[in-house]
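Single-structure report; data block below.
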Amino acid sequence: MKGKAGGARRARSGRADALAGGAVYSSRLENHRMADKQDEKKVTARSVDFAAWYNEIIARAELADHSPVRGCIVFRPDGFAIWEALRDELDRRIKKTGARNAYFPLFIPQSFLHKEAQHVEGFAPEVAVVTHGGGKELEEPLIVRPTSETIINYMFAQWIHSHRDLPLMINQWCNVVRWEMRTRPFLRTTEFLWQEGHTAHATKAEAEREALTMLEVYRAFVEDYLAVPLVTGRKSAAERFPGAEETYSIESLMGDGRALQCGTSHYLGDNFARAFEIRFLDTQNQLQHPHQTSWGVSTRLLGAIIMSHGDDQGLRLPPAVAPLQAVIVPIWRKAEEGEPVLAAARAARDTLEGAGVRVRLDDREGLTPGFKFNDWEMRGVPVRIEIGPRDVAARNAVLARRDRLGREGKATASLDGLAAHVSALLDDVQQSFYTQARDAMRANTRQFDDYAKFRAQMEGEGGGGMADVYWCGSAACETRIREETRATCRAIPLGQSGAAGRCLVCGEAAQERAFFAKAY
Ligand code: ZN
């Protein structure tokens, strides 16, 4: 159901290095010691060890830390701020579709999980169970929600009586727990944060439309706001959500050539409505089961941002979600230059703040400009603004963009038009991150009509990338691909040309192309 292949051991060895690096780094900051470029420990190169690089970025950019409970992470303020930014924007977009937020309990009676056969089969192995409370054994054990279909549908049965109660569209932002054996920060953790939408509709057509509407809401949000390029489509039967009739997915390709499922939207048919006896009187006064959907994205999206955009210098954050969009670094040598430079830098900060830019003036003492440049590059701040004595004299500032390092990414802007200039630059950087990630994904997406070549690609260096192939749709061919290459069907695109081809595996007639990749 959820490709759990590979990478765990490498991730664990990388974790120790990352923590050691992070500790050295923060003690330097706290002591305000001088440190220059040569002295600063570099992040492990992405191309050398992607898993170690990923863990180091998270530690050194102070996004998250490991918790004393295995498989759980602590979101540090810079990591949580990214989550808050994307949560607020997605919440706005979800509400625009007509769904409203509610909150359901963390604990669910264990018997609820058993009401839908596929659902229990899918989730029982990873459910945490509470057997004692208040010092006594509970009459019925409680599960800690792995997802909330069961308790929400139990409540829906009490709220839905007539067609006038429909559609009922509920969303909740919460934590869920899935007892994972192999965990990685943000990508797969035992407890994670997400939103889960649950809707009930009078007709099948309406529910199917809702599932596709949310797929498009997610696609637009992730591509526009997180600048993460996607392929979208429906899942194969083997990859479907337990209890769903159809699962739709947004999938991206990470910098190491492995796919990441970024969100799913499910058409549930009336499976849960039957299991939980949800019925309504339709306009003809007939009792009917509503048709339902559920859909969710999680803190896994933070992993998508890191792995799509990060480079060897560290994190790169799309301006839309960056806790800090711009940082001002004042530069001077002679003592008498300090005050005018700082005054100009403070004025620039106030101007940008007034224009709604999330900006910080880095006036920390005892740190060289070079150290500060590296520090903010590592933390992924999209735009750096340098102001020195000559800039003050000329009423200028130098703007450096995180998406293009070095001289090429630098430009001079007038301090008088700074707010407009920085706002336009942030838009441009946002677009540039998307374009860079999309080009990387295209370069690592290949069509195959020869199974041996496909297999060699998946077994080779570089994670394998995304394969775009004809597949006959049989479970046998899908299983063979998974067992021989560890690649799984990520998505079967909607709206295909309809041109027939030959299945990559068995050579029989195939009507559809599908994306296969090794996945997180
Ligand atoms: Zn086949």
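Identifiers for the structure tokens are assigned positionally: chains receive A, B, ... in sequence, residues are indexed from 1 per chain, and ligands are indexed from 1 in the order shown.
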Exercise for the section: Please provide as a ChimeraX atom specification all residues within 9 Å of segment 212-222 of chain A, with the sequence filter that same-chain residues fewer than 5 positions apart are discarded (counting only C-alpha atoms). Expected result: /A:86,89-90,93-94,97,207,227-233,248-250,262-267,295-297,301
Restricting it to C-alpha atoms, dump the selection as a CSV table (one decimal), in the first residue's frame.
```csv
chain,number,residue,atom,x,y,z
A,86,LEU,CA,1.3,26.4,3.8
A,89,GLU,CA,-3.0,29.1,2.4
A,90,LEU,CA,-4.3,25.6,1.8
A,93,ARG,CA,-8.3,27.2,-0.7
A,94,ILE,CA,-10.2,24.3,1.0
A,97,THR,CA,-14.6,24.9,-2.1
A,207,ALA,CA,-18.8,12.7,-5.1
A,227,ALA,CA,6.9,25.5,-6.5
A,228,VAL,CA,7.0,21.7,-6.6
A,229,PRO,CA,6.2,20.2,-10.0
A,230,LEU,CA,3.8,17.2,-10.2
A,231,VAL,CA,2.3,14.5,-12.2
A,232,THR,CA,-1.2,13.6,-11.3
A,233,GLY,CA,-3.5,10.8,-12.0
A,248,TYR,CA,-6.2,10.1,-7.1
A,249,SER,CA,-2.7,11.3,-6.3
A,250,ILE,CA,-0.3,14.1,-6.9
A,262,CYS,CA,2.5,14.5,-2.0
A,263,GLY,CA,-1.3,14.1,-1.5
A,264,THR,CA,-4.2,12.0,-2.2
A,265,SER,CA,-7.9,12.3,-2.9
A,266,HIS,CA,-10.3,9.3,-2.6
A,267,TYR,CA,-13.7,8.5,-4.0
A,295,TRP,CA,-8.6,13.8,0.9
A,296,GLY,CA,-5.4,14.8,2.7
A,297,VAL,CA,-2.0,16.3,2.6
A,301,LEU,CA,5.1,18.4,2.0
```
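Taking only C-alpha atoms, the non-local environment of segment 124-137 of chain A within 9 Å (same-chain residues fewer than 4 positions away omitted) comprises Phe107, Gln110, Leu113, His114, His119, Val120, Pro141, Leu142, Ile143, Val144, Arg145, Pro146, Val177, Arg178, Trp179, Glu180 and Met181 of chain A.
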Practice task
List every residue of segment 111-224 of chain A that DSSP, applied to the backbone, labels as alpha helix (DSSP H), and write the result as a ChimeraX atom specification.
Solution key: /A:111-113,117-123,149-159,204-220
The selected residues should be written to file as a compact mmCIF listing (two decimals), in the first residue's frame (atoms: N, CA and C atoms).
```txt
# COMPACT_ATOMS: atom_id res chain seq x y z
N SER A 111 -13.46 -1.00 17.91
CA SER A 111 -14.43 -1.71 17.07
C SER A 111 -14.76 -0.93 15.80
N PHE A 112 -14.62 0.41 15.83
CA PHE A 112 -14.95 1.21 14.65
C PHE A 112 -14.10 0.81 13.45
N LEU A 113 -12.83 0.52 13.74
CA LEU A 113 -11.90 0.22 12.66
C LEU A 113 -12.33 -1.04 11.91
N ALA A 117 -14.11 -3.58 5.98
CA ALA A 117 -13.17 -4.70 5.93
C ALA A 117 -11.80 -4.30 5.38
N GLN A 118 -11.77 -3.59 4.25
CA GLN A 118 -10.47 -3.25 3.65
C GLN A 118 -9.73 -2.22 4.50
N HIS A 119 -10.53 -1.34 5.10
CA HIS A 119 -9.95 -0.29 5.92
C HIS A 119 -9.18 -0.90 7.09
N VAL A 120 -9.78 -1.86 7.79
CA VAL A 120 -9.11 -2.48 8.93
C VAL A 120 -7.88 -3.25 8.48
N GLU A 121 -8.00 -3.92 7.32
CA GLU A 121 -6.87 -4.70 6.81
C GLU A 121 -5.68 -3.77 6.51
N GLY A 122 -6.00 -2.60 5.97
CA GLY A 122 -4.95 -1.65 5.61
C GLY A 122 -4.29 -1.00 6.81
N PHE A 123 -5.07 -0.72 7.84
CA PHE A 123 -4.53 0.10 8.93
C PHE A 123 -4.19 -0.66 10.22
N GLU A 149 -11.69 8.43 9.08
CA GLU A 149 -12.92 8.02 8.37
C GLU A 149 -13.96 7.43 9.32
N THR A 150 -13.50 6.55 10.22
CA THR A 150 -14.47 5.79 11.02
C THR A 150 -15.24 6.69 11.98
N ILE A 151 -14.52 7.52 12.72
CA ILE A 151 -15.25 8.33 13.71
C ILE A 151 -16.06 9.43 13.03
N ILE A 152 -15.56 9.95 11.93
CA ILE A 152 -16.30 11.00 11.24
C ILE A 152 -17.57 10.42 10.61
N ASN A 153 -17.47 9.24 10.06
CA ASN A 153 -18.67 8.64 9.47
C ASN A 153 -19.68 8.19 10.53
N TYR A 154 -19.18 7.81 11.67
CA TYR A 154 -20.09 7.52 12.79
C TYR A 154 -20.92 8.76 13.11
N MET A 155 -20.26 9.92 13.12
CA MET A 155 -20.97 11.17 13.38
C MET A 155 -21.86 11.58 12.20
N PHE A 156 -21.37 11.34 10.99
CA PHE A 156 -22.17 11.66 9.81
C PHE A 156 -23.51 10.92 9.85
N ALA A 157 -23.48 9.68 10.36
CA ALA A 157 -24.73 8.89 10.42
C ALA A 157 -25.76 9.59 11.30
N GLN A 158 -25.29 10.38 12.25
CA GLN A 158 -26.23 11.07 13.14
C GLN A 158 -26.63 12.45 12.61
N TRP A 159 -25.86 12.94 11.67
CA TRP A 159 -26.12 14.30 11.16
C TRP A 159 -26.84 14.29 9.82
N LYS A 204 -23.41 9.72 -6.85
CA LYS A 204 -22.08 9.23 -7.20
C LYS A 204 -21.33 10.28 -8.02
N ALA A 205 -22.03 10.85 -9.01
CA ALA A 205 -21.37 11.81 -9.91
C ALA A 205 -20.82 13.00 -9.11
N GLU A 206 -21.62 13.45 -8.14
CA GLU A 206 -21.19 14.61 -7.35
C GLU A 206 -19.96 14.27 -6.51
N ALA A 207 -19.94 13.08 -5.91
CA ALA A 207 -18.79 12.69 -5.09
C ALA A 207 -17.55 12.50 -5.95
N GLU A 208 -17.72 11.89 -7.12
CA GLU A 208 -16.56 11.73 -8.01
C GLU A 208 -16.00 13.09 -8.42
N ARG A 209 -16.92 14.02 -8.68
CA ARG A 209 -16.49 15.37 -9.05
C ARG A 209 -15.70 16.02 -7.90
N GLU A 210 -16.19 15.83 -6.68
CA GLU A 210 -15.51 16.40 -5.50
C GLU A 210 -14.09 15.85 -5.35
N ALA A 211 -13.94 14.52 -5.54
CA ALA A 211 -12.60 13.93 -5.42
C ALA A 211 -11.65 14.55 -6.44
N LEU A 212 -12.15 14.80 -7.65
CA LEU A 212 -11.31 15.40 -8.69
C LEU A 212 -11.08 16.89 -8.44
N THR A 213 -12.09 17.56 -7.89
CA THR A 213 -11.92 18.97 -7.54
C THR A 213 -10.78 19.13 -6.55
N MET A 214 -10.75 18.26 -5.53
CA MET A 214 -9.69 18.37 -4.53
C MET A 214 -8.33 17.99 -5.10
N LEU A 215 -8.31 17.04 -6.04
CA LEU A 215 -7.04 16.72 -6.71
C LEU A 215 -6.48 17.99 -7.36
N GLU A 216 -7.36 18.74 -8.02
CA GLU A 216 -6.93 19.97 -8.69
C GLU A 216 -6.56 21.07 -7.68
N VAL A 217 -7.29 21.15 -6.58
CA VAL A 217 -6.92 22.11 -5.52
C VAL A 217 -5.50 21.82 -5.04
N TYR A 218 -5.23 20.54 -4.77
CA TYR A 218 -3.89 20.15 -4.32
C TYR A 218 -2.83 20.44 -5.39
N ARG A 219 -3.13 20.07 -6.63
CA ARG A 219 -2.15 20.28 -7.70
C ARG A 219 -1.76 21.76 -7.80
N ALA A 220 -2.78 22.61 -7.87
CA ALA A 220 -2.51 24.04 -8.03
C ALA A 220 -1.75 24.58 -6.81
```
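Using only C-alpha atoms and all ligand atoms for every distance, the candidate list A:Arg92, A:Arg316, A:Arg274, A:Arg502 yields A:Arg502 as the residue closest to ligand 1.
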Exercise for the section: Check the DSSP output for the backbone and give back, as a PyMOL selection string, the residues of segment 270-493 of chain A in strand (DSSP E). Expected result: chain A and resi 280-281+287-288+291-298+326-330+359-361+383-387+396-401+410-414+445-448+466-471+488-491
